[in-house]
>>> print(open('my_file.txt').read())   # compact mmCIF, C-alpha atoms and all ligand atoms
# COMPACT_ATOMS: atom_id res chain seq x y z
CA MET E 548 135.26 172.73 160.49
CA PHE E 549 134.98 170.65 163.65
CA ARG E 550 137.81 168.30 164.39
CA ARG E 551 137.80 165.71 167.10
CA LEU E 552 141.35 165.79 168.39
CA ILE E 553 142.72 162.50 169.67
CA SER E 554 145.65 161.74 171.96
CA ARG E 555 149.06 160.73 170.70
CA ASP E 556 148.50 157.16 171.85
CA GLU E 557 145.16 156.92 170.06
CA ALA E 558 146.81 158.27 166.93
CA LEU E 559 149.54 155.64 167.16
CA GLN E 560 146.92 152.94 167.67
CA ARG E 561 145.10 154.01 164.52
CA ILE E 562 148.35 153.94 162.59
CA ARG E 563 148.97 150.40 163.81
CA ARG E 564 145.46 149.40 162.81
CA TYR E 565 145.77 150.58 159.21
CA VAL E 566 149.46 150.33 158.37
CA LYS E 567 151.50 147.14 158.33
CA LEU E 568 154.47 147.89 160.56
CA ALA E 569 156.88 145.36 159.13
CA ALA E 570 160.00 145.33 157.00
CA LEU E 571 159.25 145.74 153.31
CA GLY E 572 161.66 143.12 152.04
CA VAL E 573 165.22 141.90 151.83
CA GLU E 574 168.02 142.29 149.30
CA GLU E 575 171.62 141.18 149.18
CA VAL E 576 174.34 143.78 148.75
CA GLU E 577 178.11 143.88 148.61
CA LEU E 578 179.89 145.08 151.73
CA ARG E 579 180.94 148.34 150.09
CA SER E 580 177.28 149.17 149.51
CA ALA E 581 176.14 148.04 152.93
CA PHE E 582 177.13 151.06 155.01
CA GLY E 583 174.11 152.39 156.92
CA ARG E 584 171.94 149.47 155.85
CA VAL E 585 170.02 147.31 158.32
CA LEU E 586 171.04 143.71 158.71
CA ALA E 587 168.26 141.29 157.80
CA GLU E 588 169.86 138.18 159.30
CA ASP E 589 171.77 137.11 162.39
CA VAL E 590 175.43 136.65 161.59
CA ARG E 591 177.28 133.76 163.21
CA ALA E 592 180.98 133.18 162.80
CA SER E 593 181.78 130.39 160.35
CA VAL E 594 185.50 130.57 161.14
CA ASP E 595 187.81 131.29 164.04
CA VAL E 596 189.50 134.68 163.93
CA PRO E 597 192.42 134.52 163.90
CA PRO E 598 192.34 131.03 162.36
CA PHE E 599 195.68 130.09 163.95
CA HIS E 600 197.76 131.10 166.99
CA ARG E 601 199.34 134.30 165.78
CA ALA E 602 202.46 136.21 166.79
CA THR E 603 201.79 139.77 167.91
CA MET E 604 205.46 140.77 167.93
CA ASP E 605 208.60 140.18 165.90
CA GLY E 606 210.86 137.66 167.61
CA TYR E 607 211.04 133.92 168.16
CA ALA E 608 208.35 131.32 168.72
CA VAL E 609 209.43 129.34 171.78
CA LYS E 610 208.23 127.08 174.54
CA ALA E 611 207.79 129.51 177.42
CA LYS E 612 209.25 127.08 179.93
CA ASP E 613 212.52 127.03 177.98
CA THR E 614 212.95 130.70 178.90
CA PHE E 615 212.06 130.41 182.57
CA GLY E 616 214.78 131.91 184.75
CA ALA E 617 216.45 133.70 181.83
CA SER E 618 218.04 137.07 182.56
CA GLU E 619 220.77 139.37 181.22
CA THR E 620 223.27 137.73 183.52
CA ASN E 621 221.89 134.23 183.10
CA PRO E 622 220.74 133.97 179.44
CA LYS E 623 219.18 130.78 178.16
CA SER E 624 220.48 129.33 174.93
CA LEU E 625 217.99 128.30 172.21
CA ARG E 626 218.62 126.67 168.85
CA VAL E 627 217.06 128.47 165.88
CA VAL E 628 215.53 125.83 163.62
CA GLY E 629 214.02 128.07 160.95
CA SER E 630 211.66 130.94 160.39
CA VAL E 631 207.94 131.34 159.64
CA GLU E 632 206.92 133.66 156.83
CA VAL E 633 203.79 135.73 157.36
CA GLY E 634 200.97 134.11 155.40
CA LYS E 635 202.53 130.61 155.50
CA MET E 636 202.00 127.74 157.91
CA PRO E 637 205.16 126.43 159.62
CA ALA E 638 205.99 122.98 158.30
CA THR E 639 207.60 121.59 161.40
CA ARG E 640 206.92 121.28 165.11
CA LEU E 641 208.93 123.10 167.68
CA GLU E 642 210.78 120.84 170.09
CA THR E 643 212.24 121.58 173.50
CA GLY E 644 215.20 123.95 173.37
CA GLN E 645 214.29 125.26 169.92
CA ALA E 646 213.22 128.66 168.60
CA MET E 647 211.70 129.67 165.26
CA ALA E 648 211.92 133.26 163.95
CA VAL E 649 208.49 134.88 163.52
CA ALA E 650 207.19 138.27 162.44
CA THR E 651 204.07 140.04 163.70
CA GLY E 652 201.16 138.19 162.10
CA SER E 653 203.02 134.90 161.60
CA ALA E 654 201.40 131.61 162.55
CA LEU E 655 203.08 129.91 165.50
CA PRO E 656 204.53 126.44 164.92
CA GLU E 657 202.93 123.59 166.79
CA GLY E 658 204.67 122.98 170.08
CA SER E 659 205.37 126.66 170.73
CA ASP E 660 203.28 128.68 173.17
CA ALA E 661 204.89 132.13 173.36
CA VAL E 662 206.83 134.68 171.38
CA LEU E 663 210.12 135.93 172.72
CA PRO E 664 210.49 139.50 171.42
CA LEU E 665 213.56 140.20 169.31
CA GLU E 666 214.73 142.88 171.75
CA TRP E 667 214.91 140.32 174.57
CA THR E 668 217.44 138.23 172.66
CA ARG E 669 221.08 138.36 171.71
CA THR E 670 222.90 136.41 169.04
CA GLY E 671 224.72 133.42 170.40
CA SER E 672 228.13 131.98 169.59
CA THR E 673 226.94 130.22 166.41
CA PRO E 674 224.54 131.53 163.73
CA ASN E 675 221.93 129.00 164.86
CA GLU E 676 222.00 130.05 168.49
CA ILE E 677 220.17 132.87 170.25
CA LEU E 678 220.22 133.85 173.87
CA ALA E 679 216.99 134.61 175.74
CA LEU E 680 217.63 137.54 178.10
CA ARG E 681 214.25 137.42 179.79
CA ALA E 682 211.56 134.87 180.40
CA VAL E 683 208.17 134.89 178.68
CA THR E 684 205.02 133.33 180.10
CA THR E 685 202.74 130.93 178.26
CA GLY E 686 200.64 132.84 175.73
CA GLU E 687 202.79 135.97 175.90
CA ASN E 688 202.80 137.95 172.62
CA VAL E 689 200.42 135.45 171.06
CA MET E 690 196.87 136.03 169.88
CA GLU E 691 195.24 132.68 170.39
CA ARG E 692 193.18 131.08 167.66
CA GLY E 693 189.57 132.30 168.02
CA HIS E 694 190.56 135.01 170.51
CA ASP E 695 188.87 137.68 168.40
CA ILE E 696 185.95 135.63 167.11
CA LYS E 697 185.00 132.07 168.00
CA ARG E 698 183.46 129.89 165.37
CA GLY E 699 179.70 129.59 165.92
CA GLU E 700 179.52 132.77 167.99
CA LEU E 701 176.53 135.08 167.35
CA LEU E 702 178.23 138.29 166.31
CA LEU E 703 175.67 140.61 164.77
CA LYS E 704 171.95 140.61 165.29
CA GLU E 705 169.26 141.14 162.73
CA GLY E 706 168.11 144.76 162.91
CA THR E 707 171.63 146.15 163.40
CA ARG E 708 172.54 149.25 161.44
CA LEU E 709 175.84 148.54 159.69
CA THR E 710 178.66 150.99 160.34
CA ALA E 711 182.40 150.71 159.75
CA ARG E 712 182.74 148.61 162.90
CA GLU E 713 180.18 145.95 162.01
CA LEU E 714 181.35 145.88 158.39
CA GLY E 715 184.86 145.12 159.64
CA VAL E 716 183.51 142.10 161.52
CA LEU E 717 181.77 140.83 158.38
CA SER E 718 184.93 141.19 156.35
CA ALA E 719 186.99 139.41 159.03
CA LEU E 720 184.62 136.46 158.56
CA GLY E 721 185.19 136.50 154.81
CA ILE E 722 181.63 137.59 154.10
CA ALA E 723 181.45 139.53 150.83
CA ARG E 724 177.70 139.97 150.49
CA VAL E 725 175.14 140.51 153.18
CA LYS E 726 171.34 140.42 153.46
CA VAL E 727 169.84 143.79 154.33
CA TYR E 728 166.31 145.16 154.48
CA LEU E 729 164.95 147.21 151.62
CA LYS E 730 164.80 150.91 152.38
CA PRO E 731 161.31 152.33 152.43
CA LYS E 732 161.03 155.01 149.79
CA VAL E 733 159.60 158.27 151.05
CA ALA E 734 158.24 161.06 148.86
CA ILE E 735 158.51 164.48 150.51
CA LEU E 736 156.78 167.69 149.51
CA SER E 737 156.65 171.18 150.97
CA THR E 738 153.52 173.20 150.46
CA GLY E 739 153.18 176.97 150.50
CA GLN E 740 153.56 179.70 147.91
CA GLU E 741 155.67 181.66 150.40
CA LEU E 742 158.45 179.07 150.23
CA VAL E 743 161.70 179.46 148.29
CA GLU E 744 164.31 176.78 147.93
CA PRO E 745 167.71 177.64 149.40
CA GLY E 746 170.22 178.88 146.86
CA LYS E 747 167.63 181.06 145.15
CA PRO E 748 167.15 184.75 145.95
CA LEU E 749 164.58 185.60 148.61
CA THR E 750 161.99 187.99 147.25
CA SER E 751 159.68 190.00 149.47
CA GLY E 752 157.10 188.12 151.47
CA LYS E 753 158.91 184.81 151.03
CA ILE E 754 160.84 182.54 153.40
CA TYR E 755 163.25 179.74 152.75
CA ASP E 756 161.93 176.21 152.90
CA VAL E 757 163.12 174.43 156.05
CA ASN E 758 161.00 171.31 156.21
CA TRP E 759 162.19 169.81 152.95
CA ILE E 760 165.63 169.15 154.46
CA THR E 761 164.68 168.45 158.07
CA LEU E 762 162.24 165.81 156.84
CA TYR E 763 164.69 164.54 154.22
CA ALA E 764 167.41 164.07 156.84
CA SER E 765 164.97 162.55 159.32
CA VAL E 766 163.95 159.98 156.71
CA LEU E 767 167.62 159.06 156.28
CA GLU E 768 167.99 158.71 160.05
CA CYS E 769 165.09 156.28 160.07
CA GLY E 770 166.66 154.11 157.37
CA GLY E 771 164.48 155.40 154.53
CA ARG E 772 165.24 156.60 151.01
CA PRO E 773 163.91 160.13 150.66
CA GLU E 774 162.98 161.85 147.45
CA PHE E 775 162.04 165.51 147.53
CA LEU E 776 159.30 166.27 145.04
CA GLY E 777 159.63 170.03 145.44
CA ILE E 778 157.77 173.01 146.77
CA VAL E 779 154.14 172.99 145.74
CA GLU E 780 152.12 176.17 145.75
CA ASP E 781 148.78 176.32 147.52
CA SER E 782 146.67 174.90 144.73
CA VAL E 783 144.47 171.90 145.42
CA GLU E 784 145.14 170.49 142.00
CA LYS E 785 148.92 170.82 142.20
CA MET E 786 149.10 169.40 145.71
CA GLU E 787 146.84 166.51 144.81
CA ASN E 788 148.83 165.69 141.67
CA THR E 789 152.11 165.78 143.53
CA MET E 790 150.77 163.56 146.30
CA ARG E 791 149.46 161.09 143.73
CA LYS E 792 152.87 161.03 142.11
CA GLY E 793 154.36 160.43 145.55
CA LEU E 794 152.04 157.49 146.20
CA GLU E 795 152.95 155.93 142.86
CA MET E 796 156.67 156.11 143.36
CA ALA E 797 157.05 155.70 147.12
CA ASP E 798 155.96 153.58 150.07
CA VAL E 799 155.22 156.60 152.24
CA VAL E 800 154.28 160.22 151.49
CA VAL E 801 155.28 163.03 153.84
CA ALA E 802 153.96 166.53 153.18
CA SER E 803 154.21 169.62 155.33
CA GLY E 804 152.05 172.71 155.59
CA ALA E 805 148.46 173.45 154.65
CA THR E 806 147.02 171.40 157.50
CA SER E 807 145.79 174.11 159.84
CA VAL E 808 142.30 175.45 159.81
CA GLY E 809 142.06 178.32 157.35
CA ALA E 810 141.87 179.20 153.74
CA THR E 811 144.63 176.78 152.81
CA ASP E 812 143.21 173.91 154.85
CA ILE E 813 142.75 171.47 152.03
CA MET E 814 144.87 168.47 152.93
CA ARG E 815 142.04 166.54 154.52
CA SER E 816 139.93 166.52 151.39
CA ILE E 817 142.90 165.64 149.20
CA VAL E 818 143.87 162.70 151.40
CA ASN E 819 140.30 161.43 151.35
CA ARG E 820 140.38 161.43 147.54
CA LEU E 821 143.72 159.61 147.30
CA GLY E 822 142.39 156.21 148.35
CA LYS E 823 140.75 154.13 151.07
CA PRO E 824 140.34 154.51 154.00
CA GLY E 825 141.58 158.11 153.64
CA VAL E 826 142.07 160.24 156.74
CA ILE E 827 142.56 158.19 159.92
CA VAL E 828 143.91 160.95 162.17
CA ASP E 829 142.75 164.54 161.94
CA GLY E 830 144.46 166.52 164.63
CA VAL E 831 146.24 165.37 167.78
CA ARG E 832 146.14 166.75 171.33
CA MET E 833 149.77 167.83 171.19
CA LYS E 834 151.70 171.05 171.25
CA PRO E 835 153.40 171.42 168.94
CA GLY E 836 151.99 169.01 166.39
CA LYS E 837 148.24 169.56 166.70
CA PRO E 838 147.39 170.03 162.99
CA THR E 839 148.78 166.64 161.98
CA ILE E 840 146.72 164.75 159.44
CA ILE E 841 147.45 161.10 158.78
CA GLY E 842 145.86 159.12 156.04
CA VAL E 843 146.18 155.75 154.40
CA ALA E 844 145.62 155.05 150.72
CA ASP E 845 145.59 151.39 149.80
CA GLY E 846 148.00 150.43 152.56
CA LYS E 847 150.39 153.34 152.06
CA PRO E 848 150.62 155.91 154.85
CA ILE E 849 150.38 159.61 154.06
CA PHE E 850 151.60 162.06 156.69
CA CYS E 851 150.56 165.69 156.40
CA LEU E 852 152.63 167.46 159.00
CA PRO E 853 152.20 170.98 160.32
CA GLY E 854 154.07 173.68 158.41
CA ASN E 855 155.94 175.16 161.36
CA PRO E 856 159.42 173.65 161.32
CA MET E 857 159.50 172.58 164.95
CA SER E 858 155.94 171.23 164.80
CA ALA E 859 156.77 169.28 161.66
CA LEU E 860 159.76 167.64 163.32
CA VAL E 861 157.97 166.81 166.56
CA ALA E 862 155.15 165.24 164.55
CA PHE E 863 157.72 163.36 162.47
CA TYR E 864 159.45 161.90 165.55
CA ASN E 865 156.14 160.84 167.04
CA PHE E 866 154.34 159.37 164.06
CA VAL E 867 156.50 159.00 160.96
CA ALA E 868 159.64 157.67 162.63
CA PRO E 869 158.03 154.55 164.17
CA VAL E 870 156.45 153.62 160.84
CA LEU E 871 159.61 154.16 158.81
CA ARG E 872 161.81 152.34 161.28
CA ALA E 873 159.52 149.32 161.23
CA MET E 874 159.47 149.32 157.43
CA ALA E 875 163.26 149.66 157.39
CA GLY E 876 163.70 146.72 159.78
CA LEU E 877 165.02 148.89 162.60
CA PRO E 878 163.91 148.22 166.18
CA PRO E 879 161.80 150.89 167.90
CA VAL E 880 163.80 153.86 169.16
CA ARG E 881 165.08 153.42 172.66
CA ARG E 882 164.73 156.93 173.98
CA ARG E 883 167.59 157.86 176.24
CA PHE E 884 166.97 160.32 179.03
CA VAL E 885 168.68 162.04 181.91
CA GLU E 886 167.09 163.50 185.02
CA ALA E 887 167.40 167.23 185.49
CA VAL E 888 165.81 170.07 187.39
CA LEU E 889 163.84 172.66 185.54
CA ALA E 890 165.40 176.13 185.47
CA GLY E 891 162.11 178.01 185.04
CA ARG E 892 158.37 177.61 185.40
CA VAL E 893 156.68 176.23 182.32
CA MET E 894 153.05 176.37 181.37
CA PRO E 895 152.12 173.57 179.02
CA ALA E 896 149.22 173.89 176.63
CA SER E 897 146.26 172.74 178.66
CA GLY E 898 144.85 169.41 177.63
CA ARG E 899 147.66 168.73 175.16
CA LEU E 900 150.83 166.69 175.37
CA THR E 901 153.43 169.45 175.38
CA THR E 902 156.97 169.05 174.10
CA ILE E 903 159.44 171.63 175.35
CA PRO E 904 162.98 171.69 173.99
CA VAL E 905 165.61 172.26 176.65
CA ARG E 906 169.27 173.08 176.90
CA LEU E 907 171.19 171.19 179.58
CA GLU E 908 173.79 172.65 181.89
CA LYS E 909 175.75 171.13 184.72
CA GLY E 910 174.57 172.61 188.01
CA GLN E 911 176.17 172.26 191.44
CA GLU E 912 174.71 168.85 192.18
CA GLN E 913 172.48 168.05 189.28
CA LEU E 914 171.79 168.77 185.68
CA VAL E 915 169.73 171.85 184.99
CA ALA E 916 167.26 171.97 182.10
CA HIS E 917 166.71 175.40 180.57
CA PRO E 918 163.49 175.50 178.57
CA ILE E 919 163.87 177.07 175.16
CA LEU E 920 160.70 179.03 174.86
CA LYS E 921 160.46 179.96 171.22
CA ALA E 922 157.44 179.83 168.98
CA SER E 923 156.88 176.54 167.17
CA GLY E 924 157.83 178.36 163.98
CA ALA E 925 161.41 178.54 165.22
CA ILE E 926 163.77 175.94 163.85
CA THR E 927 166.52 177.08 166.25
CA ALA E 928 164.51 175.87 169.23
CA LEU E 929 165.39 172.30 168.26
CA ALA E 930 168.84 173.02 166.86
CA LEU E 931 169.97 174.63 170.13
CA ALA E 932 168.37 172.00 172.34
CA ASP E 933 170.13 169.02 173.89
CA GLY E 934 166.83 167.27 174.36
CA TYR E 935 163.21 167.79 175.26
CA VAL E 936 160.76 167.42 178.10
CA GLU E 937 157.32 165.91 177.56
CA ILE E 938 154.52 167.19 179.74
CA PRO E 939 151.40 164.98 179.84
CA GLU E 940 147.99 166.32 178.84
CA ASP E 941 146.68 166.66 182.40
CA VAL E 942 149.55 168.65 183.92
CA LYS E 943 148.75 172.35 184.42
CA PHE E 944 152.25 173.67 185.05
CA LEU E 945 155.71 172.69 186.16
CA GLU E 946 157.45 174.77 188.80
CA SER E 947 161.02 175.89 188.59
CA GLY E 948 163.19 173.33 190.40
CA GLU E 949 160.93 170.40 189.59
CA ARG E 950 162.61 167.17 188.53
CA VAL E 951 162.03 166.25 184.90
CA LYS E 952 163.10 163.58 182.46
CA VAL E 953 164.99 165.08 179.55
CA TYR E 954 164.93 162.88 176.46
CA LEU E 955 168.19 163.32 174.61
CA PHE E 956 168.59 164.01 170.93
CA ARG E 957 171.86 162.15 170.81
CA GLY E 958 173.74 159.72 173.03
CA GLU E 959 174.75 160.49 176.56
CA TRP E 960 174.67 164.15 177.41
CA LYS E 961 178.10 165.58 178.18
CA PRO E 962 178.85 169.19 179.03
P1 LIG E 1001 150.70 176.26 157.13
O1 LIG E 1001 150.29 175.07 157.91
O2 LIG E 1001 150.92 175.96 155.69
O3 LIG E 1001 149.75 177.39 157.33
O4 LIG E 1001 152.10 176.73 157.71
C1 LIG E 1001 152.25 177.16 159.03
C2 LIG E 1001 153.47 178.07 159.15
O5 LIG E 1001 154.65 177.34 158.83
C3 LIG E 1001 153.48 179.24 158.21
O6 LIG E 1001 154.06 180.33 158.87
C4 LIG E 1001 154.34 178.78 157.06
O7 LIG E 1001 154.94 179.83 156.37
C5 LIG E 1001 155.35 177.96 157.77
N1 LIG E 1001 155.88 176.89 156.89
C6 LIG E 1001 155.13 176.04 156.19
N2 LIG E 1001 155.90 175.21 155.49
C7 LIG E 1001 157.18 175.56 155.77
C8 LIG E 1001 158.44 175.08 155.34
N3 LIG E 1001 158.52 174.04 154.50
N4 LIG E 1001 159.54 175.69 155.79
C9 LIG E 1001 159.45 176.73 156.66
N5 LIG E 1001 158.31 177.20 157.12
C10 LIG E 1001 157.17 176.65 156.66
MG MG E 1002 151.02 176.90 153.99
>>> encode(input="my_file.txt", output="structure tokens", more="lines below")
Ligand code: AMP
Ligand code: MG
Amino acid sequence: MFRRLISRDEALQRIRRYVKLAALGVEEVELRSAFGRVLAEDVRASVDVPPFHRATMDGYAVKAKDTFGASETNPKSLRVVGSVEVGKMPATRLETGQAMAVATGSALPEGSDAVLPLEWTRTGSTPNEILALRAVTTGENVMERGHDIKRGELLLKEGTRLTARELGVLSALGIARVKVYLKPKVAILSTGQELVEPGKPLTSGKIYDVNWITLYASVLECGGRPEFLGIVEDSVEKMENTMRKGLEMADVVVASGATSVGATDIMRSIVNRLGKPGVIVDGVRMKPGKPTIIGVADGKPIFCLPGNPMSALVAFYNFVAPVLRAMAGLPPVRRRFVEAVLAGRVMPASGRLTTIPVRLEKGQEQLVAHPILKASGAITALALADGYVEIPEDVKFLESGERVKVYLFRGEWKP
């Protein structure tokens, strides 16, 4: 059957035309359930943190100028007028010549501006006297009120993925519940009677299912809630029923396999039966990723990705990830890249946007990108790669030594 292949950008445009790329909704959750969720509101500080000038060492709250000039040989005498318990506010002001005992975390009494550490003091001649053996400067050993967080400050932006660090900030502000975006629910199915789920014995002619978990994990990365519906054998009826079930229970359906031209090429007709408008993308000028079919049924996107593990993932990154991230309230991916020189000549697929996974190595003066030239059926090509190079449709070949942009799978690349 004839397919008019379109470019990646045209495919993305069609997706944008038929699918609403917006967050699905908002819910409020407790902090302990908020890990990994996406913040649905800006968070401003409603309090100063710390809420009072706070001692950062055990010792004595003092007026710094009372200690000026103090030394072992010339100690300054201070009168101890009380102590401040952690968790209590001091009742009295500190006057000139006075000291008040404090512990780490204590509030400083009014009138004091520094903490003289215990080890810089000696007991004096009376129980109420201490001797300062060194001088402290104003603000020394004190965390000023609002030093950590100032009231009114914009601390966390809508669209932030909450990790331990951001959750700590929320708790410091006394926030117990937080508004987060709903997670798009994603139904995943693997098609192919050759597939066996891991944990079961491999009988002859079969292979273990890879895409179920690579797609499952990729959905999690994009802020979605995956549900694996299982391996479906190559039967039109079974695939159609499973996809219908997926559409009922989920916001997005992601299938893999059975999209290439051949005896098992049945996805297109199934998608067209699932709802309107049906198939919106039927093949993309990409390698890998060409037999990608995208459909929409009553507003819900259906992605039928190629069966080859690497192709399935490349198609996922290109087409499924932007949709899921938008639905999950996450900003578009900011792809990070490094510049490198190519270690070998590569021949892209002519007329198709070619993705080539590469391994990075530190060369003499620059980074060197080693293409990993494995078939698109190889899952290791991506697992061993540090990143990938994209070669535009109209480029015929890249010579060894040519400068390329390597998009990184994670963070900054370090050897
Ligand atoms: P298909 O598009 O169904 O013809 O699949 C293309 C190739 O990918 C075939 O070699 C399949 O065996 C393989 N394949 C399909 N689905 C999976 C999967 N879930 N895990 C691993 N390999 C797969
Ligand atoms: Mg198949």
>>> axis_aligned_box(input="my_file.txt", around="range 814-824 of chain E", padding_each_side="4 Å", output="AutoDock Vina command-line options")
--center_x 142.4 --center_y 161.3 --center_z 150.9 --size_x 12.9 --size_y 22.3 --size_z 15.2
>>> residues_around(input="my_file.txt", residues="range 895-903 of chain E", least_positions_apart="5", cutoff="10 Å", atoms="all atoms listed in the file", output="number ranges by chain")
E: 552-555, 831-837, 858, 861, 917-921, 923, 928-929, 932, 934-945, 953
>>> atom_distance(input="my_file.txt", atom1="atom O5 of ligand LIG 1001 (chain E)", atom2="CA of Ser737 in chain E")
10.2 Å
>>> closest_residue(input="my_file.txt", among="E:Ile760, E:Ile735, E:Cys851, E:Val951", to="ligand MG 1002 (chain E)", atoms="only C-alpha atoms and all ligand atoms")
E:Cys851
>>> residues_around(input="my_file.txt", residues="Glu744 in chain E", least_positions_apart="2", cutoff="9 Å", atoms="only C-alpha atoms", output="VMD selection string")
chain E and resid 742 746 to 749 754 to 757 759 777 to 778
>>> closest_residue(input="my_file.txt", among="E:Gly616, E:Pro674, E:Gly686, E:Gly770", to="Lys732 in chain E", atoms="all atoms listed in the file")
E:Gly770
>>> residues_near_ligand(input="my_file.txt", ligand="ligand LIG 1001 (chain E)", cutoff="9 Å", atoms="only C-alpha atoms and all ligand atoms", output="short mmCIF file (atom, residue, chain, number, x, y, z; two decimals) with C-alpha atoms, in the coordinates of the input")
data_model
loop_
_atom_site.label_atom_id
_atom_site.label_comp_id
_atom_site.auth_asym_id
_atom_site.auth_seq_id
_atom_site.Cartn_x
_atom_site.Cartn_y
_atom_site.Cartn_z
CA LEU E 736 156.78 167.69 149.51
CA SER E 737 156.65 171.18 150.97
CA THR E 738 153.52 173.20 150.46
CA GLY E 739 153.18 176.97 150.50
CA GLN E 740 153.56 179.70 147.91
CA GLU E 741 155.67 181.66 150.40
CA LEU E 742 158.45 179.07 150.23
CA VAL E 743 161.70 179.46 148.29
CA LYS E 753 158.91 184.81 151.03
CA ILE E 754 160.84 182.54 153.40
CA TYR E 755 163.25 179.74 152.75
CA ASP E 756 161.93 176.21 152.90
CA VAL E 757 163.12 174.43 156.05
CA ASN E 758 161.00 171.31 156.21
CA TRP E 759 162.19 169.81 152.95
CA ILE E 760 165.63 169.15 154.46
CA ILE E 778 157.77 173.01 146.77
CA ASP E 781 148.78 176.32 147.52
CA ALA E 802 153.96 166.53 153.18
CA SER E 803 154.21 169.62 155.33
CA GLY E 804 152.05 172.71 155.59
CA ALA E 805 148.46 173.45 154.65
CA THR E 806 147.02 171.40 157.50
CA SER E 807 145.79 174.11 159.84
CA VAL E 808 142.30 175.45 159.81
CA GLY E 809 142.06 178.32 157.35
CA ALA E 810 141.87 179.20 153.74
CA THR E 811 144.63 176.78 152.81
CA ASP E 812 143.21 173.91 154.85
CA PRO E 838 147.39 170.03 162.99
CA LEU E 852 152.63 167.46 159.00
CA PRO E 853 152.20 170.98 160.32
CA GLY E 854 154.07 173.68 158.41
CA ASN E 855 155.94 175.16 161.36
CA PRO E 856 159.42 173.65 161.32
CA SER E 858 155.94 171.23 164.80
CA ALA E 859 156.77 169.28 161.66
CA SER E 923 156.88 176.54 167.17
CA GLY E 924 157.83 178.36 163.98
CA ALA E 925 161.41 178.54 165.22
CA ILE E 926 163.77 175.94 163.85
#
>>> closest_residue(input="my_file.txt", among="E:Leu729, E:Ala719, E:Ala611, E:Ile841", to="Ala682 in chain E", atoms="all atoms listed in the file")
E:Ala611
>>> residues_near_point(input="my_file.txt", point="(164.3, 165.1, 151.6)", cutoff="9 Å", atoms="all atoms listed in the file", output="list in words")
Val733, Ala734, Ile735, Leu736, Asn758, Trp759, Ile760, Thr761, Leu762, Tyr763, Ala764, Ser765, Val766, Leu767, Arg772, Pro773, Glu774, Phe775 and Leu776 of chain E
>>> decode(input="my_file.txt", residues="range 685-696 of chain E", atoms="N, CA and C atoms", output="JSON list (two decimals), in the first residue's frame")
[["chain", "number", "residue", "atom", "x", "y", "z"],
["E", 685, "THR", "N", 30.29, 41.75, 63.63],
["E", 685, "THR", "CA", 28.83, 41.82, 63.54],
["E", 685, "THR", "C", 28.33, 40.74, 62.58],
["E", 686, "GLY", "N", 27.37, 39.97, 63.04],
["E", 686, "GLY", "CA", 26.76, 38.93, 62.18],
["E", 686, "GLY", "C", 27.49, 37.60, 62.24],
["E", 687, "GLU", "N", 28.61, 37.55, 62.95],
["E", 687, "GLU", "CA", 29.38, 36.30, 62.99],
["E", 687, "GLU", "C", 28.61, 35.22, 63.75],
["E", 688, "ASN", "N", 28.55, 34.03, 63.15],
["E", 688, "ASN", "CA", 27.87, 32.86, 63.73],
["E", 688, "ASN", "C", 26.36, 33.08, 63.91],
["E", 689, "VAL", "N", 25.83, 33.94, 63.06],
["E", 689, "VAL", "CA", 24.39, 34.22, 63.10],
["E", 689, "VAL", "C", 23.82, 34.01, 61.71],
["E", 690, "MET", "N", 22.71, 33.28, 61.62],
["E", 690, "MET", "CA", 21.97, 33.24, 60.36],
["E", 690, "MET", "C", 20.86, 34.26, 60.52],
["E", 691, "GLU", "N", 20.96, 35.30, 59.67],
["E", 691, "GLU", "CA", 20.01, 36.40, 59.78],
["E", 691, "GLU", "C", 18.59, 35.98, 59.42],
["E", 692, "ARG", "N", 17.62, 36.63, 60.01],
["E", 692, "ARG", "CA", 16.23, 36.35, 59.64],
["E", 692, "ARG", "C", 16.07, 36.55, 58.12],
["E", 693, "GLY", "N", 15.44, 35.56, 57.46],
["E", 693, "GLY", "CA", 15.20, 35.68, 56.01],
["E", 693, "GLY", "C", 16.42, 35.41, 55.15],
["E", 694, "HIS", "N", 17.52, 34.98, 55.78],
["E", 694, "HIS", "CA", 18.74, 34.71, 55.00],
["E", 694, "HIS", "C", 18.49, 33.60, 53.98],
["E", 695, "ASP", "N", 17.79, 32.57, 54.43],
["E", 695, "ASP", "CA", 17.53, 31.40, 53.59],
["E", 695, "ASP", "C", 16.43, 31.75, 52.58],
["E", 696, "ILE", "N", 15.32, 32.21, 53.08],
["E", 696, "ILE", "CA", 14.17, 32.54, 52.25],
["E", 696, "ILE", "C", 13.59, 33.87, 52.75]]
